[in-house]
$ cat entry-v6.txt   # compact mmCIF, C-alpha atoms
# COMPACT_ATOMS: atom_id res chain seq x y z
CA MET A 28 -37.20 -1.30 -30.43
CA LYS A 29 -34.81 -0.60 -27.62
CA LEU A 30 -31.68 1.23 -28.58
CA GLU A 31 -28.49 1.71 -26.62
CA ILE A 32 -25.44 3.58 -27.83
CA ILE A 33 -22.46 3.27 -25.52
CA THR A 34 -18.85 4.40 -25.69
CA PRO A 35 -16.05 3.38 -23.32
CA ASP A 36 -16.60 6.64 -21.43
CA LYS A 37 -20.37 6.93 -21.21
CA THR A 38 -23.80 6.00 -22.49
CA ILE A 39 -24.78 8.35 -25.29
CA PHE A 40 -28.31 7.15 -25.91
CA GLU A 41 -30.66 4.79 -24.17
CA GLY A 42 -34.34 4.33 -24.95
CA GLU A 43 -36.95 3.53 -27.55
CA ALA A 44 -36.35 4.29 -31.19
CA GLU A 45 -38.25 3.71 -34.41
CA LEU A 46 -35.40 3.97 -36.83
CA VAL A 47 -31.61 3.98 -36.68
CA GLN A 48 -29.44 4.90 -39.61
CA LEU A 49 -25.84 3.79 -39.36
CA PRO A 50 -22.55 4.27 -41.18
CA GLY A 51 -21.59 0.67 -42.02
CA ILE A 52 -18.11 -0.02 -43.35
CA ASP A 53 -19.65 -0.96 -46.69
CA GLY A 54 -22.10 1.92 -46.77
CA SER A 55 -24.94 3.40 -44.81
CA PHE A 56 -27.87 1.26 -43.69
CA GLU A 57 -31.00 1.51 -41.59
CA ILE A 58 -32.54 -0.64 -38.94
CA LEU A 59 -36.26 -0.65 -38.26
CA ASN A 60 -38.38 -2.42 -35.70
CA ASN A 61 -38.10 -6.20 -35.43
CA HIS A 62 -34.91 -6.50 -37.41
CA ALA A 63 -33.32 -9.93 -37.73
CA PRO A 64 -30.28 -10.62 -35.51
CA LEU A 65 -27.29 -8.82 -36.95
CA ILE A 66 -23.68 -8.04 -36.14
CA SER A 67 -21.89 -5.46 -38.19
CA ALA A 68 -18.89 -3.16 -38.04
CA LEU A 69 -19.36 0.58 -38.29
CA ASP A 70 -17.25 3.29 -39.84
CA THR A 71 -16.67 6.87 -38.74
CA GLY A 72 -19.79 8.93 -39.28
CA LYS A 73 -23.15 9.97 -37.93
CA ILE A 74 -25.84 7.83 -36.40
CA LYS A 75 -29.36 9.05 -37.07
CA VAL A 76 -31.93 8.06 -34.46
CA LYS A 77 -35.64 8.66 -34.96
CA THR A 78 -37.70 8.66 -31.77
CA ALA A 79 -41.42 9.53 -31.95
CA GLY A 80 -40.89 11.38 -35.19
CA VAL A 81 -37.97 13.42 -33.85
CA GLU A 82 -34.57 12.86 -35.38
CA SER A 83 -31.32 13.17 -33.48
CA PHE A 84 -27.74 12.67 -34.58
CA TYR A 85 -24.70 11.22 -32.84
CA GLU A 86 -21.14 11.35 -34.13
CA ILE A 87 -19.16 8.13 -33.81
CA ASN A 88 -15.63 7.16 -34.66
CA GLY A 89 -16.18 3.57 -35.72
CA GLY A 90 -17.81 0.84 -33.72
CA VAL A 91 -19.84 -2.30 -33.82
CA ILE A 92 -23.57 -3.00 -33.74
CA GLU A 93 -25.47 -5.98 -32.45
CA VAL A 94 -29.19 -6.50 -33.04
CA LEU A 95 -30.95 -9.24 -31.08
CA ASP A 96 -34.58 -9.68 -29.98
CA ASN A 97 -35.56 -6.17 -31.02
CA LYS A 98 -32.72 -4.75 -28.95
CA VAL A 99 -30.06 -2.70 -30.69
CA LEU A 100 -26.72 -2.23 -29.03
CA ILE A 101 -24.12 0.04 -30.55
CA LEU A 102 -20.61 -0.02 -29.14
CA ALA A 103 -19.25 3.22 -30.47
CA GLN A 104 -15.94 4.93 -29.99
CA MET B 20 7.89 10.51 32.43
CA PRO B 21 8.03 13.05 29.57
CA SER B 22 7.59 16.67 30.49
CA LEU B 23 4.24 18.41 30.06
CA LYS B 24 5.48 20.58 27.25
CA GLU B 25 6.91 17.65 25.33
CA VAL B 26 3.61 15.81 25.41
CA ARG B 27 1.69 18.91 24.43
CA VAL B 28 3.87 19.40 21.36
CA ARG B 29 3.43 15.77 20.36
CA ILE B 30 -0.32 15.94 20.71
CA ALA B 31 -0.40 19.01 18.48
CA SER B 32 1.75 17.36 15.83
CA VAL B 33 -0.28 14.13 15.82
CA LYS B 34 -3.48 16.13 15.55
CA SER B 35 -2.25 18.10 12.57
CA THR B 36 -1.13 14.87 10.86
CA ARG B 37 -4.55 13.44 11.56
CA GLN B 38 -6.12 16.43 9.88
CA ILE B 39 -4.07 15.85 6.75
CA THR B 40 -4.78 12.14 6.57
CA SER B 41 -8.46 12.63 7.12
CA ALA B 42 -8.58 15.30 4.40
CA MET B 43 -6.72 12.98 2.04
CA LYS B 44 -9.21 10.28 2.83
CA MET B 45 -12.11 12.53 1.86
CA VAL B 46 -10.42 13.57 -1.37
CA ALA B 47 -9.64 9.95 -2.25
CA ALA B 48 -13.22 8.97 -1.50
CA SER B 49 -14.67 11.55 -3.86
CA LYS B 50 -12.13 10.71 -6.56
CA LEU B 51 -12.86 7.06 -6.04
CA ARG B 52 -16.53 7.61 -6.68
CA ARG B 53 -15.77 9.20 -10.02
CA ALA B 54 -13.23 6.57 -11.00
CA GLN B 55 -15.60 3.86 -9.91
CA ASN B 56 -18.35 5.25 -12.11
CA ALA B 57 -15.97 5.27 -15.05
CA ILE B 58 -14.98 1.65 -14.58
CA MET B 59 -18.57 0.61 -13.97
CA THR B 60 -19.76 2.12 -17.26
CA MET B 61 -16.73 0.65 -18.98
CA ARG B 62 -17.21 -2.91 -17.85
CA PRO B 63 -20.48 -3.65 -19.69
CA TYR B 64 -18.89 -2.21 -22.82
CA ALA B 65 -15.86 -4.45 -22.51
CA ALA B 66 -18.01 -7.45 -21.65
CA LYS B 67 -20.27 -6.93 -24.65
CA LEU B 68 -17.34 -6.46 -26.98
CA GLN B 69 -15.80 -9.64 -25.62
CA GLU B 70 -19.08 -11.47 -26.17
CA ILE B 71 -19.37 -10.34 -29.77
CA MET B 72 -15.74 -11.27 -30.40
CA GLN B 73 -16.34 -14.69 -28.93
CA ASN B 74 -19.42 -15.08 -31.05
CA LEU B 75 -17.41 -14.22 -34.12
CA SER B 76 -14.24 -16.16 -33.50
CA GLY B 77 -16.17 -19.17 -32.27
CA SER B 78 -17.72 -19.66 -35.66
CA LEU B 79 -14.45 -19.08 -37.50
CA ASP B 80 -11.97 -21.96 -37.72
CA GLY B 81 -9.38 -19.96 -35.82
CA SER B 82 -6.53 -20.59 -38.26
CA ASP B 83 -6.30 -16.92 -39.12
CA GLU B 84 -5.40 -15.04 -35.98
CA GLY B 85 -4.40 -11.83 -37.67
CA ILE B 86 -1.24 -9.87 -37.01
CA PHE B 87 -2.00 -9.18 -33.35
CA GLY B 88 -2.57 -12.83 -32.57
CA GLN B 89 0.78 -14.07 -33.83
CA ASP B 90 2.58 -16.07 -31.22
CA ARG B 91 6.27 -15.50 -31.93
CA GLY B 92 7.51 -16.95 -28.68
CA ASP B 93 8.88 -14.54 -26.11
CA ASN B 94 12.32 -13.42 -27.20
CA LYS B 95 11.72 -9.73 -26.77
CA VAL B 96 9.45 -8.72 -23.95
CA LEU B 97 7.95 -5.38 -23.00
CA LEU B 98 6.68 -5.08 -19.46
CA ILE B 99 4.14 -2.40 -18.62
CA PRO B 100 3.89 -1.87 -14.86
CA ILE B 101 0.95 0.44 -14.13
CA THR B 102 1.20 2.40 -10.87
CA SER B 103 -0.03 5.71 -9.55
CA ASN B 104 1.70 9.07 -9.71
CA ARG B 105 1.53 9.62 -5.98
CA GLY B 106 2.31 7.61 -2.93
CA LEU B 107 0.53 7.28 0.39
CA CYS B 108 -1.69 4.51 -0.87
CA GLY B 109 -0.50 1.54 1.10
CA ALA B 110 1.14 -1.34 -0.73
CA PHE B 111 -0.53 -0.38 -4.01
CA ASN B 112 2.61 0.58 -5.91
CA ALA B 113 4.97 -1.72 -4.06
CA ASN B 114 2.87 -4.70 -5.11
CA VAL B 115 3.13 -3.87 -8.79
CA ILE B 116 6.87 -3.25 -8.59
CA LYS B 117 7.42 -6.43 -6.61
CA GLU B 118 5.41 -8.49 -9.06
CA THR B 119 7.31 -7.01 -12.00
CA ASN B 120 10.63 -7.86 -10.38
CA HIS B 121 9.28 -11.29 -9.69
CA LEU B 122 8.52 -11.73 -13.40
CA LEU B 123 12.08 -10.66 -14.21
CA GLU B 124 13.56 -13.22 -11.86
CA GLY B 125 11.18 -15.97 -12.80
CA THR B 126 9.34 -16.17 -16.10
CA TYR B 127 11.56 -13.81 -18.06
CA ALA B 128 14.91 -14.40 -16.36
CA ASN B 129 16.61 -15.58 -19.57
CA GLN B 130 15.34 -12.70 -21.65
CA TYR B 131 16.42 -10.30 -18.94
CA LYS B 132 19.95 -11.68 -18.90
CA ALA B 133 20.10 -11.30 -22.68
CA GLY B 134 18.94 -7.68 -22.32
CA ASN B 135 15.72 -8.30 -24.17
CA VAL B 136 13.31 -6.94 -21.59
CA ASP B 137 12.14 -3.37 -21.99
CA PHE B 138 9.86 -1.33 -19.77
CA MET B 139 7.11 1.09 -20.49
CA CYS B 140 6.20 2.67 -17.20
CA ILE B 141 2.76 4.11 -16.66
CA GLY B 142 2.59 6.21 -13.51
CA LYS B 143 5.38 8.13 -11.83
CA LYS B 144 6.06 5.58 -9.13
CA SER B 145 6.94 2.77 -11.52
CA ALA B 146 8.97 5.12 -13.70
CA ASP B 147 11.01 6.22 -10.68
CA ALA B 148 11.52 2.72 -9.37
CA PHE B 149 12.63 1.12 -12.62
CA LYS B 150 14.75 4.02 -13.83
CA LYS B 151 16.56 4.10 -10.51
CA ASP B 152 17.37 0.43 -10.73
CA GLY B 153 18.82 0.93 -14.20
CA TYR B 154 16.28 -1.06 -16.18
CA ASN B 155 15.77 -0.35 -19.82
CA VAL B 156 12.83 2.05 -19.65
CA VAL B 157 11.87 2.94 -23.22
CA ALA B 158 8.88 5.13 -22.46
CA THR B 159 7.03 6.63 -19.54
CA HIS B 160 3.52 7.97 -19.35
CA ILE B 161 3.01 10.06 -16.27
CA ASP B 162 0.48 12.66 -17.36
CA ILE B 163 -2.05 10.12 -18.50
CA PHE B 164 -3.79 9.98 -15.13
CA ASN B 165 -4.36 13.74 -15.05
CA ASP B 166 -7.10 13.34 -17.58
CA LEU B 167 -7.81 9.71 -18.23
CA SER B 168 -9.69 9.64 -21.52
CA PHE B 169 -10.14 6.93 -24.08
CA GLU B 170 -8.47 9.05 -26.77
CA ALA B 171 -5.28 9.41 -24.76
CA VAL B 172 -5.15 5.67 -24.12
CA VAL B 173 -5.77 4.91 -27.79
CA GLU B 174 -2.55 6.76 -28.67
CA ILE B 175 -0.50 4.56 -26.38
CA ALA B 176 -2.28 1.42 -27.52
CA GLU B 177 -1.66 2.29 -31.15
CA SER B 178 2.05 2.85 -30.61
CA LEU B 179 2.23 -0.49 -28.78
CA MET B 180 0.38 -2.23 -31.58
CA ALA B 181 2.72 -0.68 -34.15
CA ASP B 182 5.76 -1.87 -32.16
CA PHE B 183 4.30 -5.33 -31.96
CA ALA B 184 3.43 -5.44 -35.66
CA ALA B 185 6.95 -4.24 -36.51
CA LYS B 186 8.27 -7.20 -34.47
CA LYS B 187 10.02 -4.91 -32.00
CA TYR B 188 8.45 -6.98 -29.24
CA ASP B 189 7.18 -10.54 -29.18
CA LYS B 190 5.21 -10.20 -26.04
CA ILE B 191 3.73 -7.29 -24.12
CA ILE B 192 2.70 -7.82 -20.53
CA LEU B 193 0.61 -5.57 -18.30
CA VAL B 194 1.06 -5.58 -14.54
CA TYR B 195 -1.63 -3.64 -12.70
CA ASN B 196 -4.05 -3.58 -9.80
CA GLN B 197 -7.57 -4.55 -10.65
CA PHE B 198 -10.30 -2.74 -8.78
CA LYS B 199 -12.60 -5.08 -6.89
CA ASN B 200 -13.99 -2.75 -4.25
CA ALA B 201 -12.74 0.18 -2.25
CA ALA B 202 -10.78 -2.02 0.13
CA VAL B 203 -9.63 -4.80 -2.18
CA GLN B 204 -7.30 -4.63 -5.17
CA ILE B 205 -6.34 -7.70 -7.11
CA LEU B 206 -2.89 -7.72 -8.64
CA GLN B 207 -3.14 -8.75 -12.29
CA THR B 208 -0.50 -9.88 -14.75
CA GLU B 209 -2.08 -9.86 -18.15
CA GLN B 210 -0.76 -10.60 -21.60
CA PHE B 211 -1.59 -7.56 -23.67
CA LEU B 212 -0.15 -8.72 -26.99
CA PRO B 213 -0.33 -11.15 -28.74
CA VAL B 214 -4.02 -11.42 -28.13
CA VAL B 215 -4.85 -14.54 -26.19
CA PRO B 216 -7.38 -16.51 -28.21
CA GLU B 217 -10.77 -16.49 -26.53
CA GLU B 218 -11.96 -19.71 -25.06
CA THR B 219 -15.00 -20.43 -27.13
CA GLU B 220 -17.97 -21.31 -25.05
CA SER B 221 -19.60 -24.61 -25.76
CA GLU B 222 -22.16 -24.37 -28.51
CA ASP B 223 -25.28 -24.56 -26.41
CA GLY B 224 -27.78 -23.82 -29.13
CA ASN B 225 -28.93 -20.43 -27.91
CA VAL B 226 -26.46 -18.66 -30.14
CA ALA B 227 -28.67 -16.55 -32.36
CA ASN B 228 -28.40 -16.85 -36.11
CA TYR B 229 -26.78 -13.53 -36.73
CA ILE B 230 -26.51 -11.89 -40.09
CA PHE B 231 -22.93 -10.73 -40.47
CA GLU B 232 -22.45 -7.58 -42.48
CA PRO B 233 -20.20 -7.44 -44.51
CA ASN B 234 -18.71 -10.77 -43.30
CA LYS B 235 -17.22 -12.31 -40.18
CA GLU B 236 -13.59 -11.88 -41.20
CA ASP B 237 -13.95 -8.18 -41.93
CA ILE B 238 -15.84 -7.51 -38.73
CA LEU B 239 -13.27 -9.39 -36.72
CA GLU B 240 -10.50 -7.46 -38.41
CA ALA B 241 -12.16 -4.21 -37.40
CA LEU B 242 -12.87 -5.41 -33.89
CA VAL B 243 -9.51 -6.85 -32.84
CA PRO B 244 -7.64 -3.51 -32.67
CA LYS B 245 -10.65 -2.01 -30.92
CA SER B 246 -10.69 -4.68 -28.29
CA ILE B 247 -6.95 -4.29 -27.74
CA LYS B 248 -7.44 -0.59 -27.06
CA VAL B 249 -10.34 -1.33 -24.78
CA THR B 250 -8.18 -3.80 -22.84
CA LEU B 251 -5.56 -1.15 -22.14
CA TYR B 252 -8.16 1.44 -21.25
CA LYS B 253 -9.84 -0.95 -18.88
CA ALA B 254 -6.53 -1.79 -17.20
CA LEU B 255 -5.83 1.92 -16.69
CA LEU B 256 -9.30 2.65 -15.36
CA ASP B 257 -9.03 -0.33 -13.05
CA SER B 258 -5.69 0.84 -11.76
CA PHE B 259 -6.95 4.39 -11.31
CA ALA B 260 -9.98 3.31 -9.31
CA ALA B 261 -7.88 0.83 -7.33
CA GLU B 262 -5.37 3.58 -6.51
CA HIS B 263 -8.02 5.78 -4.94
CA GLY B 264 -9.53 2.83 -3.16
CA ALA B 265 -6.14 1.89 -1.76
CA ARG B 266 -5.42 5.46 -0.74
CA MET B 267 -8.77 5.80 0.93
CA THR B 268 -8.23 2.66 2.97
CA ALA B 269 -4.66 3.61 3.85
CA MET B 270 -5.69 7.10 4.95
CA HIS B 271 -8.62 5.75 6.89
CA LYS B 272 -6.26 3.51 8.83
CA ALA B 273 -3.82 6.36 9.35
CA THR B 274 -6.59 8.55 10.72
CA GLU B 275 -7.70 5.81 13.07
CA ASN B 276 -4.14 5.30 14.29
CA ALA B 277 -3.75 9.01 14.87
CA ASP B 278 -6.95 9.00 16.92
CA GLU B 279 -5.62 6.24 19.07
CA LEU B 280 -2.29 7.97 19.48
CA VAL B 281 -3.96 11.20 20.55
CA LYS B 282 -5.98 9.28 23.11
CA GLU B 283 -2.86 7.68 24.57
CA LEU B 284 -0.97 10.95 24.58
CA ASN B 285 -3.85 12.70 26.31
CA LEU B 286 -3.71 10.09 29.03
CA THR B 287 0.01 10.59 29.45
CA TYR B 288 -0.49 14.34 29.46
CA ASN B 289 -3.14 14.16 32.16
CA LYS B 290 -1.03 11.83 34.25
CA ALA B 291 1.94 14.17 33.97
CA ARG B 292 -0.25 17.14 34.86
CA GLN B 293 -1.69 15.29 37.86
CA ALA B 294 1.79 14.35 39.00
CA ALA B 295 2.92 17.96 38.71
CA ILE B 296 -0.04 19.18 40.77
CA THR B 297 0.52 16.53 43.42
CA LYS B 298 4.15 17.49 43.59
CA GLU B 299 3.32 21.16 43.99
CA ILE B 300 0.83 20.48 46.78
CA LEU B 301 3.38 18.33 48.55
CA GLU B 302 5.90 21.13 48.28
CA ILE B 303 3.45 23.68 49.68
CA VAL B 304 2.40 21.38 52.49
CA GLY B 305 6.04 20.59 53.20
CA GLY B 306 6.88 24.31 53.25
CA ALA B 307 4.00 25.10 55.61
CA GLU B 308 5.06 22.29 57.92
CA ALA B 309 8.59 23.63 57.97
CA LEU B 310 7.36 27.13 58.90
CA LYS B 311 5.27 25.73 61.76
CA GLY B 312 8.17 23.80 63.17
$ encode --input "entry-v6.txt" --output "structure tokens"
Amino acid sequence: MKLEIITPDKTIFEGEAELVQLPGIDGSFEILNNHAPLISALDTGKIKVKTAGVESFYEINGGVIEVLDNKVLILAQ
Amino acid sequence: MPSLKEVRVRIASVKSTRQITSAMKMVAASKLRRAQNAIMTMRPYAAKLQEIMQNLSGSLDGSDEGIFGQDRGDNKVLLIPITSNRGLCGAFNANVIKETNHLLEGTYANQYKAGNVDFMCIGKKSADAFKKDGYNVVATHIDIFNDLSFEAVVEIAESLMADFAAKKYDKIILVYNQFKNAAVQILQTEQFLPVVPEETESEDGNVANYIFEPNKEDILEALVPKSIKVTLYKALLDSFAAEHGARMTAMHKATENADELVKELNLTYNKARQAAITKEILEIVGGAEALKG
């Protein structure tokens, strides 16, 4: 799936990812390939992104996520 | 005809002014590029956020607007004119100040007479102008443009939101220049708070069946303050980019004018020089003639 993490200042991540783990406001959750369309609010915390077996982490201060057509867009702060 | 020396001094002074304006133009151009990048990365973010908000509020019945959507009329108004800290950028600042005064005389004339219009000035030029004229300036933010970051803007936005929630103001209006391109700025008067309800686009079927987690109301509640902050940040970025655009254009024109002036002065100088030479020759010839006779 295509993943994009953007903040008002810059794009933090752009590219393919296999797995994204997110800090939802009601608890942590993961998104895998071909997820159903989703909109959710995010809390302060870490985003875990797994690309080709390699994990990377990004700190965010709240945000919102939209999943549509295997494209994940995270508007972080 | 001016004397040779006079013209020479003028040429030198015009040339040195030209050097300054052309340097300022270069500086503005490089700053503009950076500011332009910032606004260009910001716009998709703002657009997407707007889209998600629309998506959310469109499917809600709209009865619950939340605290930042409350329309309490416009008894107490806060105007936020956004200008630059420095001048020499054409009509950039004057336009904002003029428009703000226009609002005072027109839309908010009654509130102004009752002393219910406050100002929060962003940028030194607006702070100077409105303080001088004795308006009720409650806060100024001058340093914000030194390092324009989202965090700094969030602080201002949060204090504004707190003031609004505490019913200190019923309406908060932004006046700023929107950046269109380097040569064009569009003067904008925008209602910052209460949030103007989004016009819901017609349901044209291609709205995906989103899963909302935890639920629409909670997401919207989390998103509204965010979008308010983003609105202010976008206005500031716009104004910042527009300022450099305006300065670049103004300095470009100034440089061109200086070029023209130097050209004209050179012509005058050469004419004066020629006249002086002719006069000298005439004198010599006249002297020689007199000796002969």
$ atom_distance --input "entry-v6.txt" --atom1 "CA of Ser41 (chain B)" --atom2 "CA of Phe259 (chain B)"
20.2 Å
$ closest_residue --input "entry-v6.txt" --among "A:Met28, A:Val81, A:Ile87, A:Leu102" --to "chain B" --atoms "only C-alpha atoms"
A:Leu102
$ atom_distance --input "entry-v6.txt" --atom1 "CA of Phe198 (chain B)" --atom2 "CA of Ala42 (chain B)"
22.4 Å
$ residues_around --input "entry-v6.txt" --residues "region 152-156 of chain B" --least-positions-apart "4" --cutoff "8 Å" --atoms "all atoms listed in the file" --output "list of chain:residue names"
B:Val136, B:Asp137, B:Phe138, B:Met139, B:Cys140, B:Ala146, B:Ala148
$ residues_near_point --input "entry-v6.txt" --point "(-38.7, -2.3, -34.4)" --cutoff "12 Å" --atoms "all atoms listed in the file" --output "VMD selection string"
chain A and resid 28 to 30 43 to 47 57 to 64 77 to 78 94 to 99
$ closest_residue --input "entry-v6.txt" --among "A:Glu93, A:Glu86, A:Glu31, A:Glu41" --to "chain B" --atoms "only C-alpha atoms"
A:Glu93
$ interface_residues --input "entry-v6.txt" --of "chain B" --to "chain A" --cutoff "12 Å" --atoms "only C-alpha atoms" --output "PyMOL selection string"
chain B and resi 53-72+74-75+167-170+172-173+225-246+248-253+256
$ atom_distance --input "entry-v6.txt" --atom1 "CA of Gly72 (chain A)" --atom2 "CA of Ala171 (chain B)"
20.5 Å
$ residues_around --input "entry-v6.txt" --residues "Arg29 (chain B)" --least-positions-apart "2" --cutoff "12 Å" --atoms "all atoms listed in the file" --output "list in words"
Pro21, Ser22, Leu23, Lys24, Glu25, Val26, Arg27, Ala31, Ser32, Val33, Lys34, Ser35, Thr36, Ala277, Leu280, Val281, Lys282, Glu283, Leu284, Asn285, Thr287 and Tyr288 of chain B
$ closest_residue --input "entry-v6.txt" --among "B:Ala184, B:Asn114, B:His271, B:Tyr131" --to "Gln204 (chain B)" --atoms "only C-alpha atoms"
B:Asn114
$ closest_residue --input "entry-v6.txt" --among "B:Gly92, B:Gly106, B:Gly312, B:Gly142" --to "Val194 (chain B)" --atoms "all atoms listed in the file"
B:Gly142
$ build_atoms --input "entry-v6.txt" --residues "region 131-153 of chain B" --atoms "N, CA and C atoms" --output "PDB file, in the frame of the given file"
ATOM      1  N   TYR B 131      15.842 -11.424 -19.661  1.00  0.00           N
ATOM      2  CA  TYR B 131      16.420 -10.300 -18.940  1.00  0.00           C
ATOM      3  C   TYR B 131      17.941 -10.336 -19.003  1.00  0.00           C
ATOM      4  N   LYS B 132      18.494 -11.547 -18.842  1.00  0.00           N
ATOM      5  CA  LYS B 132      19.950 -11.680 -18.900  1.00  0.00           C
ATOM      6  C   LYS B 132      20.470 -11.305 -20.278  1.00  0.00           C
ATOM      7  N   ALA B 133      19.692 -11.618 -21.313  1.00  0.00           N
ATOM      8  CA  ALA B 133      20.100 -11.300 -22.680  1.00  0.00           C
ATOM      9  C   ALA B 133      19.797  -9.844 -23.039  1.00  0.00           C
ATOM     10  N   GLY B 134      19.239  -9.093 -22.080  1.00  0.00           N
ATOM     11  CA  GLY B 134      18.940  -7.680 -22.320  1.00  0.00           C
ATOM     12  C   GLY B 134      17.765  -7.463 -23.240  1.00  0.00           C
ATOM     13  N   ASN B 135      16.856  -8.417 -23.262  1.00  0.00           N
ATOM     14  CA  ASN B 135      15.720  -8.300 -24.170  1.00  0.00           C
ATOM     15  C   ASN B 135      14.407  -7.924 -23.473  1.00  0.00           C
ATOM     16  N   VAL B 136      14.535  -7.377 -22.264  1.00  0.00           N
ATOM     17  CA  VAL B 136      13.310  -6.940 -21.590  1.00  0.00           C
ATOM     18  C   VAL B 136      13.306  -5.420 -21.497  1.00  0.00           C
ATOM     19  N   ASP B 137      12.293  -4.812 -22.077  1.00  0.00           N
ATOM     20  CA  ASP B 137      12.140  -3.370 -21.990  1.00  0.00           C
ATOM     21  C   ASP B 137      10.967  -3.036 -21.072  1.00  0.00           C
ATOM     22  N   PHE B 138      10.941  -1.774 -20.650  1.00  0.00           N
ATOM     23  CA  PHE B 138       9.860  -1.330 -19.770  1.00  0.00           C
ATOM     24  C   PHE B 138       9.155  -0.130 -20.356  1.00  0.00           C
ATOM     25  N   MET B 139       7.846  -0.137 -20.249  1.00  0.00           N
ATOM     26  CA  MET B 139       7.110   1.090 -20.490  1.00  0.00           C
ATOM     27  C   MET B 139       6.359   1.369 -19.201  1.00  0.00           C
ATOM     28  N   CYS B 140       6.762   2.438 -18.519  1.00  0.00           N
ATOM     29  CA  CYS B 140       6.200   2.670 -17.200  1.00  0.00           C
ATOM     30  C   CYS B 140       5.020   3.630 -17.299  1.00  0.00           C
ATOM     31  N   ILE B 141       3.910   3.228 -16.751  1.00  0.00           N
ATOM     32  CA  ILE B 141       2.760   4.110 -16.660  1.00  0.00           C
ATOM     33  C   ILE B 141       2.583   4.473 -15.197  1.00  0.00           C
ATOM     34  N   GLY B 142       2.643   5.770 -14.904  1.00  0.00           N
ATOM     35  CA  GLY B 142       2.590   6.210 -13.510  1.00  0.00           C
ATOM     36  C   GLY B 142       3.990   6.544 -13.025  1.00  0.00           C
ATOM     37  N   LYS B 143       4.093   7.612 -12.248  1.00  0.00           N
ATOM     38  CA  LYS B 143       5.380   8.130 -11.830  1.00  0.00           C
ATOM     39  C   LYS B 143       6.140   7.145 -10.942  1.00  0.00           C
ATOM     40  N   LYS B 144       5.401   6.448 -10.098  1.00  0.00           N
ATOM     41  CA  LYS B 144       6.060   5.580  -9.130  1.00  0.00           C
ATOM     42  C   LYS B 144       6.822   4.445  -9.802  1.00  0.00           C
ATOM     43  N   SER B 145       6.227   3.855 -10.847  1.00  0.00           N
ATOM     44  CA  SER B 145       6.940   2.770 -11.520  1.00  0.00           C
ATOM     45  C   SER B 145       8.103   3.334 -12.318  1.00  0.00           C
ATOM     46  N   ALA B 146       7.888   4.508 -12.931  1.00  0.00           N
ATOM     47  CA  ALA B 146       8.970   5.120 -13.700  1.00  0.00           C
ATOM     48  C   ALA B 146      10.177   5.371 -12.802  1.00  0.00           C
ATOM     49  N   ASP B 147       9.919   5.944 -11.621  1.00  0.00           N
ATOM     50  CA  ASP B 147      11.010   6.220 -10.680  1.00  0.00           C
ATOM     51  C   ASP B 147      11.725   4.950 -10.273  1.00  0.00           C
ATOM     52  N   ALA B 148      10.932   3.949  -9.904  1.00  0.00           N
ATOM     53  CA  ALA B 148      11.520   2.720  -9.370  1.00  0.00           C
ATOM     54  C   ALA B 148      12.384   2.020 -10.407  1.00  0.00           C
ATOM     55  N   PHE B 149      11.891   1.909 -11.637  1.00  0.00           N
ATOM     56  CA  PHE B 149      12.630   1.120 -12.620  1.00  0.00           C
ATOM     57  C   PHE B 149      13.774   1.899 -13.240  1.00  0.00           C
ATOM     58  N   LYS B 150      13.631   3.223 -13.326  1.00  0.00           N
ATOM     59  CA  LYS B 150      14.750   4.020 -13.830  1.00  0.00           C
ATOM     60  C   LYS B 150      15.894   3.981 -12.832  1.00  0.00           C
ATOM     61  N   LYS B 151      15.556   4.074 -11.564  1.00  0.00           N
ATOM     62  CA  LYS B 151      16.560   4.100 -10.510  1.00  0.00           C
ATOM     63  C   LYS B 151      17.373   2.816 -10.516  1.00  0.00           C
ATOM     64  N   ASP B 152      16.681   1.716 -10.748  1.00  0.00           N
ATOM     65  CA  ASP B 152      17.370   0.430 -10.730  1.00  0.00           C
ATOM     66  C   ASP B 152      18.068   0.120 -12.053  1.00  0.00           C
ATOM     67  N   GLY B 153      18.044   1.084 -12.969  1.00  0.00           N
ATOM     68  CA  GLY B 153      18.820   0.930 -14.200  1.00  0.00           C
ATOM     69  C   GLY B 153      18.211  -0.011 -15.214  1.00  0.00           C
TER      70      GLY B 153
END
